[in-house]
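Chemist: So here's my_file-v4.cif, just mmCIF, C-alpha atoms and all ligand atoms:
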```
data_model
#
loop_
_atom_site.label_atom_id
_atom_site.label_comp_id
_atom_site.auth_asym_id
_atom_site.auth_seq_id
_atom_site.Cartn_x
_atom_site.Cartn_y
_atom_site.Cartn_z
CA MET A 956 -20.73 10.90 -19.74
CA PRO A 957 -19.07 8.32 -17.49
CA SER A 958 -20.90 5.05 -17.29
CA ILE A 959 -22.43 3.94 -14.02
CA VAL A 960 -19.91 1.11 -13.79
CA GLU A 961 -16.97 3.52 -13.90
CA ARG A 962 -18.44 5.63 -11.14
CA ARG A 963 -19.01 2.77 -8.74
CA SER A 964 -16.55 2.49 -5.91
CA PRO A 965 -14.59 -0.73 -5.49
CA HIS A 966 -16.65 -1.19 -2.32
CA GLU A 967 -19.87 -1.27 -4.33
CA GLN A 968 -18.40 -3.46 -7.01
CA PHE A 969 -16.96 -6.14 -4.75
CA LEU A 970 -18.16 -5.87 -1.16
CA VAL A 971 -21.73 -6.65 -0.20
CA ASP A 972 -22.47 -4.21 2.63
CA ARG A 973 -19.28 -2.30 3.48
CA ARG A 974 -19.15 1.28 2.31
CA GLN A 975 -17.04 4.38 2.81
CA ARG A 976 -19.36 6.70 4.71
CA PHE A 977 -18.72 9.97 6.46
CA GLY A 978 -20.15 11.67 9.48
CA ASP A 979 -20.67 10.90 13.13
CA ASP A 980 -23.43 8.33 12.62
CA SER A 981 -21.34 5.81 10.68
CA CYS A 982 -18.61 3.36 11.57
CA PHE A 983 -15.48 4.92 10.07
CA LEU A 984 -14.27 1.51 8.94
CA CYS A 985 -17.22 -0.57 7.69
CA GLY A 986 -19.77 2.21 7.22
CA MET A 987 -22.43 0.64 9.50
CA HIS A 988 -25.15 3.04 10.68
CA ILE A 989 -24.44 3.53 14.41
CA PRO A 990 -26.16 6.70 15.60
CA VAL A 991 -25.83 7.83 19.22
CA GLY A 992 -27.81 5.39 21.34
CA SER A 993 -27.13 2.40 19.09
CA THR A 994 -25.90 -0.62 21.06
CA ASP A 995 -23.27 -1.27 18.39
CA ARG A 996 -21.74 2.19 18.75
CA THR A 997 -18.26 2.59 20.26
CA ARG A 998 -15.46 5.11 19.92
CA GLU A 999 -12.14 4.00 18.44
CA HIS A 1000 -9.06 5.93 19.55
CA VAL A 1001 -7.09 7.06 16.49
CA PHE A 1002 -3.90 6.73 18.52
CA PRO A 1003 -4.48 3.63 20.62
CA LYS A 1004 -5.06 4.03 24.34
CA TRP A 1005 -2.12 1.79 25.30
CA LEU A 1006 0.19 4.02 23.25
CA LEU A 1007 -1.15 7.21 24.81
CA ARG A 1008 -0.52 5.77 28.27
CA GLU A 1009 2.88 4.32 27.38
CA LEU A 1010 4.09 7.65 26.01
CA ASP A 1011 2.22 9.74 28.57
CA LEU A 1012 0.21 11.47 25.87
CA TRP A 1013 -3.21 11.07 27.49
CA ASN A 1014 -3.39 14.75 28.42
CA ALA A 1015 -1.13 16.06 25.65
CA SER A 1016 -2.60 17.76 22.61
CA VAL A 1017 -2.09 17.87 18.88
CA ASN A 1018 -2.57 20.90 16.65
CA GLN A 1019 -5.17 20.59 13.93
CA ILE A 1020 -4.91 22.12 10.50
CA ASP A 1021 -6.50 25.32 11.75
CA GLY A 1022 -4.14 25.49 14.74
CA ARG A 1023 -6.74 24.52 17.33
CA ALA A 1024 -5.44 22.08 19.90
CA LEU A 1025 -7.15 18.75 20.41
CA HIS A 1026 -6.26 16.33 23.20
CA TYR A 1027 -5.00 13.00 21.99
CA ARG A 1028 -7.50 11.25 24.23
CA GLN A 1029 -10.32 13.08 22.40
CA LEU A 1030 -9.03 11.85 19.06
CA THR A 1031 -11.68 9.21 18.53
CA VAL A 1032 -13.86 8.20 15.60
CA PRO A 1033 -17.23 6.41 15.61
CA CYS A 1034 -16.69 2.69 15.24
CA CYS A 1035 -19.01 -0.32 15.46
CA ALA A 1036 -18.42 -2.91 18.18
CA SER A 1037 -17.35 -5.57 15.71
CA CYS A 1038 -14.72 -3.45 13.91
CA ASN A 1039 -13.42 -2.11 17.21
CA GLY A 1040 -13.39 -5.23 19.33
CA ILE A 1041 -12.71 -7.96 16.79
CA ASP A 1042 -11.17 -6.71 13.55
CA LEU A 1043 -8.99 -3.89 14.86
CA GLY A 1044 -8.59 -5.37 18.35
CA GLY A 1045 -6.57 -8.33 17.09
CA VAL A 1046 -4.24 -6.11 15.07
CA GLU A 1047 -3.82 -3.80 18.06
CA ALA A 1048 -2.87 -6.67 20.37
CA ARG A 1049 -0.21 -7.96 17.97
CA VAL A 1050 1.30 -4.52 17.36
CA ARG A 1051 1.37 -3.74 21.07
CA SER A 1052 3.08 -7.03 21.86
CA ALA A 1053 5.70 -6.40 19.14
CA TYR A 1054 6.29 -2.86 20.45
CA GLU A 1055 6.93 -4.28 23.92
CA ASP A 1056 9.40 -6.80 22.46
CA GLY A 1057 11.41 -4.06 20.73
CA MET A 1058 12.60 -2.95 17.32
CA GLY A 1059 13.34 -6.41 15.91
CA ALA A 1060 9.86 -7.72 16.69
CA PHE A 1061 8.19 -4.54 15.44
CA ALA A 1062 10.03 -4.65 12.11
CA ALA A 1063 9.12 -8.32 11.77
CA LEU A 1064 5.37 -7.65 12.15
CA ASP A 1065 3.11 -9.02 9.45
CA ARG A 1066 2.86 -6.32 6.78
CA ARG A 1067 -0.92 -6.62 6.70
CA ASP A 1068 -1.09 -5.84 10.43
CA LEU A 1069 1.30 -2.91 10.05
CA PHE A 1070 -0.63 -1.54 7.08
CA ILE A 1071 -3.93 -1.72 8.98
CA TRP A 1072 -2.41 -0.21 12.13
CA LEU A 1073 -0.72 2.73 10.42
CA GLY A 1074 -3.48 3.08 7.84
CA LYS A 1075 -6.07 3.38 10.60
CA ILE A 1076 -4.18 6.27 12.22
CA TYR A 1077 -3.82 8.00 8.85
CA TYR A 1078 -7.46 7.52 7.87
CA GLY A 1079 -8.75 8.10 11.39
CA LEU A 1080 -7.11 11.53 11.53
CA VAL A 1081 -8.58 12.54 8.19
CA TYR A 1082 -11.99 11.24 9.28
CA LYS A 1083 -11.77 13.03 12.61
CA GLU A 1084 -10.85 16.32 11.01
CA SER A 1085 -13.68 15.90 8.51
CA LEU A 1086 -16.04 15.97 11.50
CA GLN A 1087 -14.71 19.18 13.00
CA PRO A 1088 -16.64 22.32 12.08
CA LEU A 1089 -14.56 25.10 10.55
CA SER A 1090 -15.94 27.58 12.99
CA VAL A 1091 -16.44 26.67 16.62
CA ARG A 1092 -19.65 28.70 16.72
CA ASP A 1093 -21.03 27.22 13.53
CA GLY A 1094 -21.63 23.58 14.34
CA ASP A 1095 -23.17 22.87 10.96
CA GLY A 1096 -20.63 24.84 8.95
CA ALA A 1097 -18.07 23.65 6.44
CA ARG A 1098 -15.65 20.99 7.65
CA LEU A 1099 -11.91 21.32 7.97
CA ILE A 1100 -11.32 18.74 5.30
CA PRO A 1101 -14.01 18.53 2.67
CA SER A 1102 -15.50 15.12 2.01
CA GLU A 1103 -14.03 15.33 -1.52
CA HIS A 1104 -10.64 14.68 0.02
CA LEU A 1105 -11.99 11.75 1.95
CA GLU A 1106 -13.29 10.35 -1.32
CA SER A 1107 -9.79 10.66 -2.76
CA VAL A 1108 -8.62 8.27 -0.08
CA GLN A 1109 -11.40 5.90 -1.06
CA PHE A 1110 -9.01 3.25 -2.33
CA HIS A 1111 -7.06 3.41 0.90
CA HIS A 1112 -10.31 2.85 2.77
CA PHE A 1113 -11.09 -0.09 0.48
CA LEU A 1114 -7.73 -1.68 1.30
CA MET A 1115 -8.40 -1.12 5.01
CA GLN A 1116 -11.27 -3.61 4.71
CA ALA A 1117 -8.49 -6.18 4.96
CA ALA A 1118 -9.07 -5.79 8.71
CA ALA A 1119 -12.22 -7.88 8.30
CA GLY A 1120 -10.55 -10.25 5.85
CA VAL A 1121 -12.82 -9.26 2.97
CA VAL A 1122 -10.02 -7.62 0.97
CA THR A 1123 -6.83 -9.55 0.37
CA TRP A 1124 -3.79 -9.16 -1.82
CA ASP A 1125 -1.33 -11.56 -3.37
CA SER A 1126 1.30 -11.88 -0.71
CA SER A 1127 1.21 -11.69 3.06
CA SER A 1128 4.90 -10.82 3.34
CA PHE A 1129 4.24 -7.74 1.26
CA GLY A 1130 1.56 -5.11 1.52
CA PRO A 1131 0.10 -2.05 -0.12
CA ALA A 1132 2.70 0.09 1.65
CA SER A 1133 6.44 0.52 1.76
CA PHE A 1134 7.83 0.39 5.28
CA HIS A 1135 11.05 2.03 6.41
CA PHE A 1136 12.22 1.22 9.92
CA PHE A 1137 14.67 3.36 11.84
CA GLU A 1138 16.02 2.78 15.29
CA CYS A 1139 15.74 6.01 17.29
CA LEU A 1140 17.19 7.46 20.46
CA ASP A 1141 14.86 7.06 23.43
CA SER A 1142 14.39 9.34 26.41
CA ASP A 1143 13.06 9.37 29.96
CA ILE A 1144 11.09 12.50 29.14
CA PRO A 1145 7.67 11.43 27.78
CA ALA A 1146 7.29 14.41 25.46
CA GLN A 1147 10.49 13.43 23.65
CA ARG A 1148 9.39 9.87 22.98
CA PHE A 1149 6.75 10.48 20.34
CA ASP A 1150 6.47 12.14 16.97
CA TYR A 1151 3.88 11.93 14.20
CA LEU A 1152 4.06 13.28 10.67
CA ASP A 1153 1.77 12.94 7.70
CA ASP A 1154 0.74 14.69 4.54
CA LEU A 1155 -2.73 15.63 3.35
CA PHE A 1156 -1.93 15.10 -0.29
CA LEU A 1157 0.39 12.11 -0.22
CA PRO A 1158 -0.38 8.86 1.58
CA ILE A 1159 2.73 8.89 3.75
CA ILE A 1160 3.02 8.76 7.51
CA GLY A 1161 5.92 8.76 9.93
CA ILE A 1162 5.62 7.76 13.56
CA ARG A 1163 8.26 7.59 16.26
CA ILE A 1164 7.37 5.75 19.44
CA GLY A 1165 10.22 5.26 21.88
CA ARG A 1166 13.08 3.51 20.09
CA ILE A 1167 10.97 2.62 17.08
CA GLY A 1168 10.66 4.87 14.07
CA VAL A 1169 8.64 3.79 11.04
CA ILE A 1170 7.82 5.69 7.89
CA ALA A 1171 5.24 4.17 5.54
CA VAL A 1172 4.25 5.14 2.01
CA LEU A 1173 0.79 3.67 2.09
CA GLN A 1174 0.04 2.80 -1.52
CA ASP A 1175 3.29 2.12 -3.31
CA TRP A 1176 3.50 -1.64 -2.78
CA GLY A 1177 7.06 -1.79 -1.52
CA ARG A 1178 8.42 0.39 -4.31
CA SER A 1179 10.35 2.84 -2.13
CA GLU A 1180 11.85 0.15 0.12
CA GLY A 1181 14.66 -0.48 -2.35
CA VAL A 1182 15.52 3.20 -2.75
CA GLN A 1183 19.25 3.87 -2.75
CA GLN A 1184 19.61 7.27 -1.21
CA PRO A 1185 22.81 7.90 0.75
CA GLN A 1186 21.22 9.67 3.73
CA ILE A 1187 18.43 7.10 4.06
CA GLU A 1188 21.00 4.30 3.92
CA ALA A 1189 23.11 6.07 6.55
CA ALA A 1190 19.99 6.56 8.71
CA ARG A 1191 19.63 2.78 8.96
CA THR A 1192 23.06 2.39 10.57
CA PHE A 1193 22.61 4.24 13.89
CA ALA A 1194 19.92 5.34 16.36
CA LEU A 1195 18.38 8.57 15.09
CA HIS A 1196 17.96 11.81 17.01
CA PRO A 1197 14.42 13.31 16.59
CA THR A 1198 15.78 15.92 14.16
CA GLN A 1199 17.32 13.16 12.07
CA PHE A 1200 14.10 11.12 12.05
CA ARG A 1201 12.30 14.16 10.66
CA GLU A 1202 14.97 14.48 7.96
CA ALA A 1203 14.43 10.83 6.98
CA TYR A 1204 10.68 11.54 6.77
CA ALA A 1205 11.22 14.67 4.66
CA ARG A 1206 13.51 12.78 2.28
CA LEU A 1207 11.10 9.88 1.80
CA ALA A 1208 8.16 12.27 1.41
CA TYR A 1209 10.07 14.32 -1.17
CA MET A 1210 11.10 11.24 -3.14
CA SER A 1211 7.61 9.74 -2.97
CA GLU A 1212 6.08 12.98 -4.18
CA THR A 1213 8.49 13.39 -7.10
CA SER A 1214 8.04 9.90 -8.39
CA TRP A 1215 4.45 9.28 -7.35
CA LYS A 1216 2.43 7.22 -9.77
CA ASN A 1217 -1.23 6.43 -9.47
CA LEU A 1218 -1.15 2.70 -10.02
CA ASP A 1219 -3.91 0.81 -11.76
CA HIS A 1220 -5.17 -1.98 -9.60
CA LEU A 1221 -6.65 -5.17 -10.96
CA ILE A 1222 -9.25 -6.49 -8.54
CA THR A 1223 -11.14 -9.76 -8.67
CA GLY A 1224 -14.15 -10.50 -6.51
CA LYS A 1225 -16.11 -13.49 -5.27
CA ASP A 1226 -18.90 -13.81 -2.69
CA GLY A 1227 -18.42 -10.38 -1.16
CA THR A 1228 -14.65 -10.59 -0.97
CA ALA A 1229 -12.06 -8.95 -3.18
CA ARG A 1230 -8.51 -9.82 -4.10
CA VAL A 1231 -6.13 -7.11 -5.27
CA MET A 1232 -3.42 -8.11 -7.73
CA ILE A 1233 -0.17 -6.44 -6.74
CA PRO A 1234 0.65 -3.95 -9.47
CA ASN A 1235 4.19 -3.64 -10.75
CA PRO A 1236 5.12 -0.41 -9.00
CA GLY A 1237 8.34 0.19 -10.97
CA GLY A 1238 11.35 1.87 -9.44
CA PHE A 1239 11.95 5.26 -7.90
CA SER A 1240 13.22 7.74 -10.44
CA GLY A 1241 13.87 11.42 -10.79
CA THR A 1242 16.70 13.82 -10.05
CA TRP A 1243 17.39 15.46 -6.72
CA ASP A 1244 16.15 19.03 -6.54
CA TRP A 1245 17.56 20.71 -3.42
CA LYS A 1246 15.03 23.52 -3.59
CA ALA A 1247 12.00 21.23 -3.60
CA PHE A 1248 13.49 19.09 -0.85
CA ALA A 1249 14.31 22.18 1.22
CA THR A 1250 10.62 23.12 1.24
CA ARG A 1251 9.75 19.79 2.84
CA ALA A 1252 12.75 19.73 5.18
CA ALA A 1253 12.12 23.29 6.38
CA ALA A 1254 8.49 22.40 7.17
CA ALA A 1255 9.59 19.29 9.10
CA TRP A 1256 12.27 21.21 10.99
CA GLU A 1257 10.06 24.28 11.49
CA VAL A 1258 12.64 26.77 10.23
CA PRO A 1259 12.71 29.15 7.25
CA GLU A 1260 14.04 27.56 4.06
CA ALA A 1261 16.98 29.98 4.06
CA ALA A 1262 18.27 28.38 7.27
CA ILE A 1263 18.92 25.08 5.52
CA PHE A 1264 19.24 25.97 1.82
CA ASP A 1265 21.59 28.54 0.29
CA GLY A 1266 19.96 28.73 -3.15
CA SER A 1267 21.85 25.83 -4.65
CA THR A 1268 22.64 23.30 -1.94
CA GLY A 1269 20.99 22.05 1.20
CA MET A 1270 22.20 20.15 4.22
CA SER A 1271 21.86 16.89 6.09
CA THR A 1272 21.85 16.11 9.81
CA ILE A 1273 22.26 12.41 9.03
CA GLY A 1274 25.31 12.39 6.77
CA GLY A 1275 26.00 9.65 4.24
CA GLY A 1276 27.33 9.53 0.70
CA ASP A 1277 30.48 11.62 0.57
CA SER A 1278 30.04 12.70 4.19
CA PRO A 1279 30.46 10.48 7.26
CA PRO A 1280 27.30 9.53 9.16
CA ILE A 1281 26.53 11.80 12.14
CA PRO A 1282 25.46 9.60 15.06
CA VAL A 1283 24.81 11.44 18.32
CA ASP A 1284 24.21 9.82 21.67
CA SER A 1285 21.78 12.22 23.30
CA MET A 1286 18.57 14.06 22.55
CA ASP A 1287 20.16 17.10 24.17
CA VAL A 1288 22.19 17.67 21.00
CA VAL A 1289 20.86 20.65 19.05
CA PHE A 1290 21.20 20.52 15.28
CA VAL A 1291 21.33 23.94 13.65
CA GLY A 1292 20.67 25.22 10.15
CA ALA A 1293 23.88 25.23 8.09
CA PHE A 1294 23.16 28.70 6.71
CA SER A 1295 21.68 30.59 9.66
CA GLY A 1296 22.46 28.82 12.92
CA ALA A 1297 18.77 28.52 13.74
CA GLY A 1298 17.93 25.48 15.86
CA LEU A 1299 16.13 22.74 13.97
CA TRP A 1300 13.04 21.04 15.37
CA PRO A 1301 12.56 20.13 18.22
CA ARG A 1302 14.84 23.03 19.17
CA ALA A 1303 13.34 25.53 16.76
CA ASN A 1304 13.36 28.02 19.66
CA VAL A 1305 17.17 28.23 19.54
CA VAL A 1306 17.93 31.62 18.05
CA PRO A 1307 21.03 32.06 15.84
CA GLU A 1308 23.85 34.14 17.32
ZN ZN B 1 -17.63 -1.22 11.63
#
```
Mind turning the file's structure into structure tokens?
Modeler:
Amino acid sequence: MPSIVERRSPHEQFLVDRRQRFGDDSCFLCGMHIPVGSTDRTREHVFPKWLLRELDLWNASVNQIDGRALHYRQLTVPCCASCNGIDLGGVEARVRSAYEDGMGAFAALDRRDLFIWLGKIYYGLVYKESLQPLSVRDGDGARLIPSEHLESVQFHHFLMQAAAGVVTWDSSSFGPASFHFFECLDSDIPAQRFDYLDDLFLPIIGIRIGRIGVIAVLQDWGRSEGVQQPQIEAARTFALHPTQFREAYARLAYMSETSWKNLDHLITGKDGTARVMIPNPGGFSGTWDWKAFATRAAAAWEVPEAAIFDGSTGMSTIGGGDSPPIPVDSMDVVFVGAFSGAGLWPRANVVPE
């Protein structure tokens, strides 16, 4: 039987009053009890309001796991006034200012701020979906994502307490995530200026906002940043088309999945604060399996696997390695599957001749 000590969360072991709690009565970040009517209760937008306005997403919608549409502006989680206004508010202001200053400033953001900003979107979406009933008519029914999955992101939630300064790690130039920055093509058409990708079973997220594309592997402590992969290296040399950004995401997700390691974290605590020793994450390893990659790429491009994989080899829209890079200068370019001619996302409606 596991001992009580082993079953305690890092929150319980090191933090005095901050807990991972679920449900609509708790602050998603610190766990404070804030039922409806409480003066401390606010709603935190998972995708920040300034971003929704900047990208004209206020009235746009996102599809949930079950296919139901939810407006971005309704994507909020319960949050206490202190977490919302003070701890997350400061991070939000710095990220917004960097976004307005452009790619260079965004890529130079403090890694702790970036981790909290991206990590909040990732965790906020999971939290939000955990609150949605499976059946519209059955308000008390099973949730879209069972709380067991939320518990599996417990360590991520623990690291997010860095927002309040109660969890720290060894270096401020580094963080619990790897960050990959890609300059992207921008557009005058709002709907073309935004993309978001994540994975339920791997802590990876990709977000494209205007010219800025960033893909973060949330718990690998910089490990994937040094990856030498020809297409990823090529992707850093020109502004990516939306189809190419999705390829970069699929490649990093595939590589992260194949070489994922659950790292052991050494944590020390004092007076309600915790310090995480950066584990040695080791390098990326593993061989390239076109079939496994094609599964991820086909999902990202919203085409059948056969459109992009012929049974032994796949394709790239980015180029690199033995092939020249493939920069394009307009979002109007349509990339097609090498083996069927089907249009790749966002032109998945292009039918092969
Ligand atoms: Zn809170």
Chemist: Would you mind listing what lies within 6 Å of segment 1188-1195 of chain A as a VMD selection string, with all atoms listed in the file counted and same-chain residues fewer than 4 positions away left out?
Modeler: chain A and resid 1137 to 1140 1199 to 1200 1275
Chemist: What residues have any atom no more than 9 Å from ligand ZN 1 (chain B) when counting all atoms listed in the file, and can you list them as a list of chain:residue names?
Modeler: A:Arg973, A:Ser981, A:Cys982, A:Phe983, A:Leu984, A:Cys985, A:Gly986, A:Met987, A:His988, A:Ile989, A:Asp995, A:Arg996, A:Pro1033, A:Cys1034, A:Cys1035, A:Ala1036, A:Ser1037, A:Cys1038, A:Asn1039, A:Asp1042
Chemist: I'd like to know which of A:Ile1222, A:Ile1233, A:Ile1164, A:Ala1024 is closest to Ser964 of chain A, using only C-alpha atoms.
Modeler: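 Going through A:Ile1222, A:Ile1233, A:Ile1164, A:Ala1024 one by one, the smallest distance to Ser964 of chain A is for A:Ile1222.
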Chemist: What is the distance between atom CA of Ile1170 of chain A and atom CA of Leu1207 of chain A, in Å to one decimal?
Modeler: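 Calculated distance between atom CA of Ile1170 of chain A and atom CA of Leu1207 of chain A is 8.1 Å.
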Chemist: Would you compute the distance between atom CA of Thr1031 of chain A and atom CA of Leu1006 of chain A? Give it in Å to one decimal.
Modeler: 13.8 Å
Chemist: Which polymer residues have any atom within 10 Å of an atom of Gly1296 of chain A, counting only C-alpha atoms, with same-chain residues fewer than 3 positions away left out, as a list of chain:residue names?
Modeler: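 My list of contacting residues is A:Ala1262, A:Ile1263, A:Phe1290, A:Val1291, A:Gly1292, A:Ala1293, A:Leu1299, A:Val1305, A:Val1306, A:Pro1307, A:Glu1308.
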Chemist: Using C-alpha atoms, can you write the selected residues to a file as an mmCIF file, in the frame of the given file?
Modeler:
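Everything below was put into again_3.cif:
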```
data_model
loop_
_atom_site.group_PDB
_atom_site.id
_atom_site.type_symbol
_atom_site.label_atom_id
_atom_site.label_comp_id
_atom_site.auth_asym_id
_atom_site.auth_seq_id
_atom_site.Cartn_x
_atom_site.Cartn_y
_atom_site.Cartn_z
ATOM 1 C CA ALA A 1262 18.270 28.380 7.270
ATOM 2 C CA ILE A 1263 18.920 25.080 5.520
ATOM 3 C CA PHE A 1290 21.200 20.520 15.280
ATOM 4 C CA VAL A 1291 21.330 23.940 13.650
ATOM 5 C CA GLY A 1292 20.670 25.220 10.150
ATOM 6 C CA ALA A 1293 23.880 25.230 8.090
ATOM 7 C CA LEU A 1299 16.130 22.740 13.970
ATOM 8 C CA VAL A 1305 17.170 28.230 19.540
ATOM 9 C CA VAL A 1306 17.930 31.620 18.050
ATOM 10 C CA PRO A 1307 21.030 32.060 15.840
ATOM 11 C CA GLU A 1308 23.850 34.140 17.320
#
```
Chemist: Under the rule that all atoms listed in the file are counted, which of A:His1026, A:Val1283, A:Trp1243, A:Val1032 is the nearest residue to Ser1085 of chain A?
Modeler: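 Residue with the minimum atom-to-atom distance to Ser1085 of chain A: A:Val1032.
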Chemist: Expressed in Å to a single decimal, how great is the separation between atom CA of Pro1280 of chain A and atom CA of Leu1010 of chain A?
Modeler: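 Result for atom CA of Pro1280 of chain A versus atom CA of Leu1010 of chain A: 28.7 Å, one decimal.
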Chemist: First collect every listed atom of segment 992-1006 of chain A; then fit an axis-aligned box around them, widen it by 5 Å on each side, and give centre and edge lengths in Å to one decimal, as JSON.
Modeler:
```
{"center_x": -13.8, "center_y": 2.9, "center_z": 20.9, "size_x": 38.0, "size_y": 18.3, "size_z": 18.8}
```
Chemist: Counting all atoms listed in the file, figure out which residue out of A:Ile1159, A:Val1122, A:Val991, A:Leu1221 gets nearest to Asp979 of chain A.
Modeler: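 So, comparing all the options, the nearest one is A:Val991.
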